[in-house]
Every structure is written in structure tokens, then in C-alpha cells.
Amino acid sequence: MAVVFCVLSGMGATVFAAPDSARQAELLYLLKHDCGSCHGMTRKGGLGPPLLPESLSNRSQQLLLGTILDGRPGTPMPPWRGELSEQDAQWLIEAMRRGEGL
Amino acid sequence: MVDRGDAPRGGLVNTSPQNGVRKLFFFSATIFGSGRPQQVPGSFLRDCGWIFLSLVFLSGSSQIANADCLIRGTGDLGVVVERATGSVQILDTTARSRLFRVTGLGDLSHASVVFSRDERYAYIFGRDGGLSRVDLLCGTLDKRVVQAGNSIGGAISQDGSLVAVSNYTPGGVKVFDADSLVLVADLPAIGKDGKPSKVVGLVDAPGQQFVYTLYDAGEIRIADLSDRAAPVVTTYRDIGRLPYDALITPDGRYYIAGLFGEDGLALLDLWEPQEGVRRIMDHYGRGKEALPVYKMPHLEGWAMAGRYAFIPAVGQHEVLVVDSDSWQEVGRIAVHGQPVFVVARPDGRQVWVNFAHPLNDTVQVIDTQKMQVVHTLQPGKGVLHMEFAPRGETLWLSVRDDDQVQVYDTASLARVAQLKVEKPSGIFFTARAHRTGL
């Protein structure tokens with residue numbers, strides 16, 4: 001099933017194809033187990049902040065995308081660019097906003 | 001709820017020649033009715049044992065339900081955390097078998113375990129603030145309190161009478177009576193800026209002390225609970241930015257916090273606490289660009305080989321070697337990735353290292369005489385933790401993605417056993433009961 005997200009980036013409207021279902025499963029596994037080591041497997045937070053839908057609701061897509069791909073200097077949040085494509089990160093943000101897998 | 005592992009089932013008294021497991025007869029009723037083993041004089045047992053047993057038997061007490069408990073020593077038992085299912089398995093490290101699975105322990109994404117000094121009970125600290133006491137012989141959840149919203153770890157006092165938990169939300173340390181899990185002391189962690197701080201690196205120290213570190217505030221604190229009704233807290237400020245974890249040396253003398261926000265470590269000499277905290281290994285990154293850290297290193301498990309300490313570098317694919325007399329760096333060993341756990345075999349001859357995502361399928365073995373990596377193993381994806389048998393003949397490691405605990409012979413480096421464990425993370429053996437800081 002092809003799902004297309006339309007996302008506004010700084011450069012204007014950009015269209016991203018969602019990762020395929022196998023990749024989606026990988027991303028959710030990564031979210032649970034690897035992001036989960038700092039943010040909690042239930043995303044309630046730990047050394048890093050919670051990633052629950054209500055904690056992300058007032059965060060812009062751009063801020064979250066930048067945080068995932070480029071990290072947060074001065075904090076333990078590392079840059080995931082290289083491991084995650086922009087499409088991957090966009091999909092993960094949507095998944096977290098939906099509370100998927102919780 | 002309890003699932004039986006590999007332990008034999010059967011009649012009331014059932015001895016297995018394989019692993020010496022024997023069902024505990026009605027005798028156990030007298031032993032832990034109060035939640036903790038009571039002292040029963042040996043002579044009393046010898047002289048009056050049969051009368052005693054008969055009385056208990058005749059009493060028809062519901063405690064006879066403990067017939068399902070094992071009668072055996074616990075010195076070779078261990079606990080492995082199943083992080084995704086809120087459960088633990090109790091392992092027999094001699095038979096290399098699973099005894100029990102205990103469920104209902106909450107969110108164990110980042111769980112750790114300490115043991116009562118009689119090695120009967122495991123205290124399990126869960127991410128969700130749950131403090132659970134598990135009976136290793138009965139495979140049961142004996143007591144549980146949810147004491148905070150979000151916690152990170154715990155420690156047991158020198159005399160075993162107090163259990164302390166360090167919390168993220170609300171930040172602070174809570175101290176509980178080890179028998180009853182009733183709150184004894186609530187120690188908030190408000191930094192000098194007036195803001196609450198997450199607490200990391202909680203350890204026990206000699207003299208009924210707990211030592212811990214405030215992540216956000218950059219402070220080390222010592223809580224002295226010699227008088228449990230009146231804890232005395234000493235604070236050390238400005239130890240450095242973002243201390244992420246800490247350890248205490250096996251002799252209980254030095255407390256060392258790793259800093260994420262700076263290149264270096266903060267050291268407090270507990271024999272001379274008036275001297276304050278000093279910086280060691282300052283600028284060990286030496287201007288090299290810090291590599292991304294996809295999992296924070298852990299300092300618990302402090303690797304000492306003779307006078308040398310082996311410490312994971314942060315943001316460098318290196319293990320730092322430090323002389324514990326001078327606290328000067330004496331070398332660094334290039335390794336496969338960002339080290340997470342750096343643990344020494346009890347004799348200090350080998351140091352084993354696992355790594356952060358995405359290189360967490362690999363484990364390396366450092367020879368501490370050659371000061372270099374001598375073996376590289378690939379146990380599988382998601383090697384999260386390692387634990388040596390108390391005398392070091394085997395190393396047990398968890399392989400998350402393969403749902404396995406694997407056992408390695410540390411002399412031949414051959415894999416000698418594997419156990420099915422659901423998404424295993426921390427592995428903890430009961431011998432920790434008798435070591436400071438573990």
C-alpha cells in the first residue's frame with residue numbers, strides 16, 4: 001500500500017514516499033529498542049524526553065526532523081542521518097504522533 | 001504469575017539428579033512467613049526438627065503452598081531481565097538452565113537488579129518506577145511498590161537493610177526498608193538553580209552511605225543513612241556538565257562520574273571527602289571530533305585489572321586505560337565501536353567490551369597484559385549486557401534480537417550453552433550481593 005505524506009519543508013512543499021512495510025517494521029523496532037534505551041520503550045521518557053503524542057503535539061515537524069537527523073548539540077541526542085533517510089524520519093515522526101505501537 | 005522454566009515438576013519432594021533441584025517441603029512455611037528468612041537456631045532445628053515439622057504440617061497453614069519452592073543454595077543463581085515483556089527469568093548457572101519466569105514487573109526497558117545479602121531475594125528496579133522483590137527460590141513476585149513515575153536504578157546498603165532507588169521523574173532518591181519496602185527516606189534532587197534533576201549513578205558505599213549524581217545539575221551527593229530516621233546529605237557542586245553515569249571502585253573508596261558534556265571524569269575520594277571532587281582524564285578526546293553516541297555507555301561493572309582501570313570513552317571508539325594510583329591515563333585501546341559495557345573477568349586477565357548501535361552485534365576481548373584486542377566475537381544483533389560467573393570461567397551475554405542468553409568459556413572463547421530468553425537485557429548473578437557498588 002503506497003501512502004504518501006505531504007510535508008512542508010523550508011524549501012516549500014516536498015512530497016515523500018513512505019517507507020515500504022518491511023522498512024516500517026524495522027523503523028518501529030528501532031524506535032522501540034534503540035530510541036527506547038534513552039526515551040523508554042514505552043516512550044515515556046528517560047534520560048531523553050518522552051516521545052508520546054501529547055509530548056510532541058506542540059513540536060513542529062521541522063524541529064523534530066532536524067532533531068532526529070542532525071541531533072541536538074550539547075545533549076546526548078545523536079544525529080541519525082546516514083542511518084535514517086529523511087523519509088524514514090518523517091514516517092517515524094508521524095508514527096510517534098499517532099502513538100503507533102504503544 | 002509464575003511460569004516454570006526448565007525445573008522439573010512432580011511430586012512433593014522431587015530430586016533431579018541433573019541439577020539437584022528439590023522441591024521445598026512444608027518446612028519452608030516457617031522460613032519466610034514474615035517476608036524475609038528468620039534466624040532459626042541450628043540446635044533448635046536438630047533437636048526439635050521433627051516435632052516442628054509435624055506441628056507445621058498439622059497446622060494446615062496456607063503457607064504450605066510453598067511446597068512449590070526449591071530447596072537449594074542460591075549462590076549460583078542469576079536473574080536475566082526480559083525487557084520487552086516486563087518479566088525476568090531466574091537462571092541456574094551451574095546447570096545452565098532456566099528455573100522460573102516471573103512476570104508482572106512493569107516496564108523493564110532499563111532495569112537493574114541488586115540482591116539481598118542472603119541471596120534469597122532480587123530487587124528489580126524498573127523504568128516505570130516499580131521496585132519489585134522477587135523470591136529466587138519460589139520464583140514469585142514477593143512484594144512490589146511503584147515509587148516514582150520514571151526511574152533508572154538502585155542500590156542496596158552495606159548491611160542489606162535499605163534499598164535505594166534513583167529517579168528521573170520526579171528526580172531524586174527514595175530509600176526503602178529492604179524487608180517491608182516501606183519508605184524510609186525521600187531525598188529530593190533540586191540543583192542550585194532550584195530545578196529538579198534526574199538522578200544517575202546511584203551506588204552503595206561503606207558506612208550505610210549511598211552516593212549519586214544529579215544529571216541536570218552536575219552535582220554529586222552522599223547520603224549517610226547510619227541513622228535511617230535522620231539521613232545526612234552532603235552535596236558537591238559544579239562537578240562538570242551532564243554526568244551520565246557513575247561507579248564506585250570495588251574497595252568502596254573512589255566514586256567516579258562520567259561526563260557527557262565534557263571530556264573527562266569527576267572523581268570523589270570517599271576516604272577524604274573533605275578534599276572535594278576533582279577532574280581526571282581531562283580532555284581525553286584531545287580535540288578529536290566526537291563520534292555520535294547511539295547508546296550511552298555504562299560505568300557500572302568497573303573494569304579493574306591490577307592497578308589499571310578500563311573505561312569506555314564517550315564519542316571515541318576507544319577504551320581508556322587509567323592508572324588507579326595516579327588517575328593518569330596510561331593508554332587507550334582502539335575498539336570496534338562506541339563501547340557500552342567494559343567489564344573485567346574477575347581475575348583481571350581479560351576485559352570484554354560490547355558496543356552501541358549499530359555495531360551491537362560484536363563483542364571484543366582485550367588481553368590486559370598485551371593491552372590490545374585479542375578476539376572479536378559476533379554473538380548476534382543486540383548484545384546488551386555481559387556478566388561473568390563469580391570466578392570468571394564463563395561469561396554470559398544477552399543477545400536481544402535472537403532472544404538468547406549465550407554462555408562462553410572464557411579460556412577457549414567457545415560458546416558452550418545458550419538459553420531461550422525473550423528480548424534479554426541485563427544479566428545479574430547473586431554473587432553481586434557481596435560486592436560493594438553492585
# chains A, B, ... in the order shown; residues from 1 in each chain; ligands from 1

$ closest_atom_pairs --of "segment 230-314 of chain B" --to "segment 28-48 of chain A" --cutoff "10 Å" --atoms "only C-alpha atoms" --output "tab-separated table"
residue	atom	partner	partner_atom	distance
B:Tyr244	CA	A:Leu47	CA	8.5
B:Tyr294	CA	A:Asp34	CA	7.8
B:Lys295	CA	A:Ser37	CA	7.1
B:Met296	CA	A:Cys38	CA	8.1

$ write_last_selection --atoms "N, CA and C atoms" --output "PDB file, in the first residue's frame"
ATOM      1  N   TYR B 244      26.580  11.339  33.211  1.00  0.00           N
ATOM      2  CA  TYR B 244      25.559  10.403  32.701  1.00  0.00           C
ATOM      3  C   TYR B 244      25.501   9.109  33.482  1.00  0.00           C
ATOM      4  N   TYR B 294      25.204   6.350  19.974  1.00  0.00           N
ATOM      5  CA  TYR B 294      23.828   5.867  19.809  1.00  0.00           C
ATOM      6  C   TYR B 294      23.319   5.113  21.024  1.00  0.00           C
ATOM      7  N   LYS B 295      24.177   4.927  21.979  1.00  0.00           N
ATOM      8  CA  LYS B 295      23.732   4.388  23.267  1.00  0.00           C
ATOM      9  C   LYS B 295      24.741   4.849  24.304  1.00  0.00           C
ATOM     10  N   MET B 296      24.231   5.331  25.420  1.00  0.00           N
ATOM     11  CA  MET B 296      25.124   5.843  26.458  1.00  0.00           C
ATOM     12  C   MET B 296      25.930   4.708  27.066  1.00  0.00           C
TER      13      MET B 296
END

$ closest_atom_pairs --of "chain B" --to "chain A" --cutoff "8 Å" --atoms "only C-alpha atoms" --output "CSV"
residue,atom,partner,partner_atom,distance
B:Ala84,CA,A:Met41,CA,7.7
B:Asp107,CA,A:Thr42,CA,7.6
B:Ser109,CA,A:Met41,CA,5.5
B:His110,CA,A:Ser37,CA,6.8
B:Arg127,CA,A:Gly40,CA,7.4
B:Asn150,CA,A:Gly46,CA,7.0
B:Ser151,CA,A:Gly46,CA,7.7
B:Ile152,CA,A:Gly46,CA,7.7
B:Tyr168,CA,A:Gly46,CA,6.7
B:Lys198,CA,A:Leu47,CA,7.7
B:Phe260,CA,A:Pro76,CA,7.2
B:Gly261,CA,A:Gly74,CA,6.5
B:Pro292,CA,A:Pro78,CA,5.3
B:Val293,CA,A:Pro78,CA,6.0
B:Tyr294,CA,A:Pro78,CA,6.3
B:Lys295,CA,A:Ser37,CA,7.1
B:Met296,CA,A:Pro76,CA,7.9
B:His357,CA,A:Asp34,CA,7.3

$ write_last_selection --atoms "C-alpha atoms" --output "mmCIF file, in the first residue's frame"
data_model
loop_
_atom_site.group_PDB
_atom_site.id
_atom_site.type_symbol
_atom_site.label_atom_id
_atom_site.label_comp_id
_atom_site.auth_asym_id
_atom_site.auth_seq_id
_atom_site.Cartn_x
_atom_site.Cartn_y
_atom_site.Cartn_z
ATOM 1 C CA ALA B 84 10.020 -6.113 26.443
ATOM 2 C CA ASP B 107 8.253 -1.521 32.186
ATOM 3 C CA SER B 109 13.210 -1.005 29.345
ATOM 4 C CA HIS B 110 16.079 -0.023 31.582
ATOM 5 C CA ARG B 127 11.793 2.110 34.265
ATOM 6 C CA ASN B 150 10.256 7.088 35.976
ATOM 7 C CA SER B 151 13.348 5.578 37.490
ATOM 8 C CA ILE B 152 16.765 4.409 36.458
ATOM 9 C CA TYR B 168 14.177 10.668 36.771
ATOM 10 C CA LYS B 198 17.388 13.447 37.111
ATOM 11 C CA PHE B 260 28.767 13.539 28.651
ATOM 12 C CA GLY B 261 29.069 17.308 28.267
ATOM 13 C CA PRO B 292 27.828 10.051 17.506
ATOM 14 C CA VAL B 293 26.879 8.016 20.582
ATOM 15 C CA TYR B 294 23.828 5.867 19.809
ATOM 16 C CA LYS B 295 23.732 4.388 23.267
ATOM 17 C CA MET B 296 25.124 5.843 26.458
ATOM 18 C CA HIS B 357 24.001 0.530 17.969
#

$ closest_residue --among "B:Arg96, B:Arg83, B:Lys174, B:Arg241" --to "Gly218 of chain B" --atoms "only C-alpha atoms"
B:Arg241

$ closest_residue --among "B:Leu162, B:Val407, B:Val184, B:Val199" --to "Ala389 of chain B" --atoms "only C-alpha atoms"
B:Val407

$ closest_residue --among "B:Phe100, B:Tyr123, B:Phe115, B:Phe341" --to "Phe355 of chain B" --atoms "only C-alpha atoms"
B:Phe341

$ decode --residues "segment 275-302 of chain B" --atoms "N, CA, C and O atoms" --output "JSON list (two decimals), in the first residue's frame"
[["chain", "number", "residue", "atom", "x", "y", "z"],
["B", 275, "GLU", "N", 38.17, 16.70, 50.67],
["B", 275, "GLU", "CA", 39.01, 17.21, 49.58],
["B", 275, "GLU", "C", 38.17, 17.59, 48.36],
["B", 275, "GLU", "O", 38.66, 18.25, 47.44],
["B", 276, "GLY", "N", 36.94, 17.13, 48.31],
["B", 276, "GLY", "CA", 36.05, 17.52, 47.22],
["B", 276, "GLY", "C", 36.27, 16.71, 45.95],
["B", 276, "GLY", "O", 37.04, 15.75, 45.92],
["B", 277, "VAL", "N", 35.55, 17.13, 44.90],
["B", 277, "VAL", "CA", 35.58, 16.42, 43.63],
["B", 277, "VAL", "C", 36.68, 17.00, 42.75],
["B", 277, "VAL", "O", 36.84, 18.21, 42.67],
["B", 278, "ARG", "N", 37.46, 16.12, 42.13],
["B", 278, "ARG", "CA", 38.45, 16.63, 41.18],
["B", 278, "ARG", "C", 38.28, 15.98, 39.82],
["B", 278, "ARG", "O", 37.72, 14.88, 39.70],
["B", 279, "ARG", "N", 38.77, 16.67, 38.81],
["B", 279, "ARG", "CA", 38.65, 16.20, 37.45],
["B", 279, "ARG", "C", 39.81, 15.28, 37.11],
["B", 279, "ARG", "O", 40.96, 15.59, 37.43],
["B", 280, "ILE", "N", 39.49, 14.15, 36.51],
["B", 280, "ILE", "CA", 40.56, 13.29, 35.99],
["B", 280, "ILE", "C", 40.32, 13.06, 34.51],
["B", 280, "ILE", "O", 39.21, 13.27, 34.00],
["B", 281, "MET", "N", 41.35, 12.66, 33.83],
["B", 281, "MET", "CA", 41.28, 12.35, 32.39],
["B", 281, "MET", "C", 40.72, 13.55, 31.60],
["B", 281, "MET", "O", 39.97, 13.37, 30.65],
["B", 282, "ASP", "N", 41.12, 14.73, 32.01],
["B", 282, "ASP", "CA", 40.56, 15.92, 31.37],
["B", 282, "ASP", "C", 41.00, 15.96, 29.90],
["B", 282, "ASP", "O", 42.15, 15.69, 29.59],
["B", 283, "HIS", "N", 40.07, 16.29, 29.04],
["B", 283, "HIS", "CA", 40.33, 16.46, 27.60],
["B", 283, "HIS", "C", 40.88, 15.20, 26.96],
["B", 283, "HIS", "O", 41.78, 15.25, 26.13],
["B", 284, "TYR", "N", 40.31, 14.03, 27.35],
["B", 284, "TYR", "CA", 40.84, 12.81, 26.75],
["B", 284, "TYR", "C", 40.53, 12.70, 25.26],
["B", 284, "TYR", "O", 41.17, 11.99, 24.52],
["B", 285, "GLY", "N", 39.51, 13.43, 24.82],
["B", 285, "GLY", "CA", 39.21, 13.42, 23.38],
["B", 285, "GLY", "C", 40.22, 14.23, 22.58],
["B", 285, "GLY", "O", 40.34, 14.05, 21.37],
["B", 286, "ARG", "N", 40.95, 15.08, 23.27],
["B", 286, "ARG", "CA", 42.03, 15.88, 22.68],
["B", 286, "ARG", "C", 41.63, 16.53, 21.37],
["B", 286, "ARG", "O", 42.32, 16.42, 20.37],
["B", 287, "GLY", "N", 40.51, 17.17, 21.37],
["B", 287, "GLY", "CA", 40.11, 17.94, 20.20],
["B", 287, "GLY", "C", 39.64, 17.10, 19.03],
["B", 287, "GLY", "O", 39.23, 17.64, 18.00],
["B", 288, "LYS", "N", 39.69, 15.76, 19.18],
["B", 288, "LYS", "CA", 39.18, 14.93, 18.09],
["B", 288, "LYS", "C", 37.67, 15.12, 17.98],
["B", 288, "LYS", "O", 36.99, 15.30, 19.00],
["B", 289, "GLU", "N", 37.17, 15.06, 16.78],
["B", 289, "GLU", "CA", 35.73, 15.22, 16.62],
["B", 289, "GLU", "C", 35.01, 14.07, 17.31],
["B", 289, "GLU", "O", 35.36, 12.90, 17.12],
["B", 290, "ALA", "N", 34.03, 14.42, 18.14],
["B", 290, "ALA", "CA", 33.29, 13.37, 18.85],
["B", 290, "ALA", "C", 32.40, 12.63, 17.87],
["B", 290, "ALA", "O", 31.68, 13.24, 17.07],
["B", 291, "LEU", "N", 32.44, 11.32, 17.91],
["B", 291, "LEU", "CA", 31.58, 10.50, 17.06],
["B", 291, "LEU", "C", 30.21, 10.39, 17.71],
["B", 291, "LEU", "O", 30.08, 10.53, 18.93],
["B", 292, "PRO", "N", 29.15, 10.16, 16.90],
["B", 292, "PRO", "CA", 27.83, 10.05, 17.51],
["B", 292, "PRO", "C", 27.74, 8.86, 18.47],
["B", 292, "PRO", "O", 28.33, 7.81, 18.22],
["B", 293, "VAL", "N", 27.03, 9.06, 19.56],
["B", 293, "VAL", "CA", 26.88, 8.02, 20.58],
["B", 293, "VAL", "C", 25.43, 7.55, 20.53],
["B", 293, "VAL", "O", 24.53, 8.27, 20.96],
["B", 294, "TYR", "N", 25.20, 6.35, 19.97],
["B", 294, "TYR", "CA", 23.83, 5.87, 19.81],
["B", 294, "TYR", "C", 23.32, 5.11, 21.02],
["B", 294, "TYR", "O", 22.18, 4.69, 21.06],
["B", 295, "LYS", "N", 24.18, 4.93, 21.98],
["B", 295, "LYS", "CA", 23.73, 4.39, 23.27],
["B", 295, "LYS", "C", 24.74, 4.85, 24.30],
["B", 295, "LYS", "O", 25.94, 4.76, 24.08],
["B", 296, "MET", "N", 24.23, 5.33, 25.42],
["B", 296, "MET", "CA", 25.12, 5.84, 26.46],
["B", 296, "MET", "C", 25.93, 4.71, 27.07],
["B", 296, "MET", "O", 25.38, 3.65, 27.39],
["B", 297, "PRO", "N", 27.22, 4.93, 27.26],
["B", 297, "PRO", "CA", 27.99, 3.90, 27.95],
["B", 297, "PRO", "C", 27.53, 3.76, 29.40],
["B", 297, "PRO", "O", 26.93, 4.68, 29.96],
["B", 298, "HIS", "N", 27.80, 2.58, 29.96],
["B", 298, "HIS", "CA", 27.52, 2.35, 31.37],
["B", 298, "HIS", "C", 28.84, 2.23, 32.10],
["B", 298, "HIS", "O", 29.77, 1.64, 31.58],
["B", 299, "LEU", "N", 28.87, 2.75, 33.30],
["B", 299, "LEU", "CA", 30.12, 2.65, 34.06],
["B", 299, "LEU", "C", 30.05, 1.55, 35.11],
["B", 299, "LEU", "O", 31.06, 1.08, 35.59],
["B", 300, "GLU", "N", 28.85, 1.15, 35.47],
["B", 300, "GLU", "CA", 28.69, 0.05, 36.43],
["B", 300, "GLU", "C", 29.40, -1.19, 35.86],
["B", 300, "GLU", "O", 29.33, -1.46, 34.67],
["B", 301, "GLY", "N", 30.07, -1.90, 36.69],
["B", 301, "GLY", "CA", 30.79, -3.05, 36.20],
["B", 301, "GLY", "C", 32.28, -2.76, 36.09],
["B", 301, "GLY", "O", 33.06, -3.60, 35.69],
["B", 302, "TRP", "N", 32.64, -1.56, 36.44],
["B", 302, "TRP", "CA", 34.03, -1.10, 36.58],
["B", 302, "TRP", "C", 35.07, -2.18, 36.34],
["B", 302, "TRP", "O", 35.17, -3.15, 37.08]]
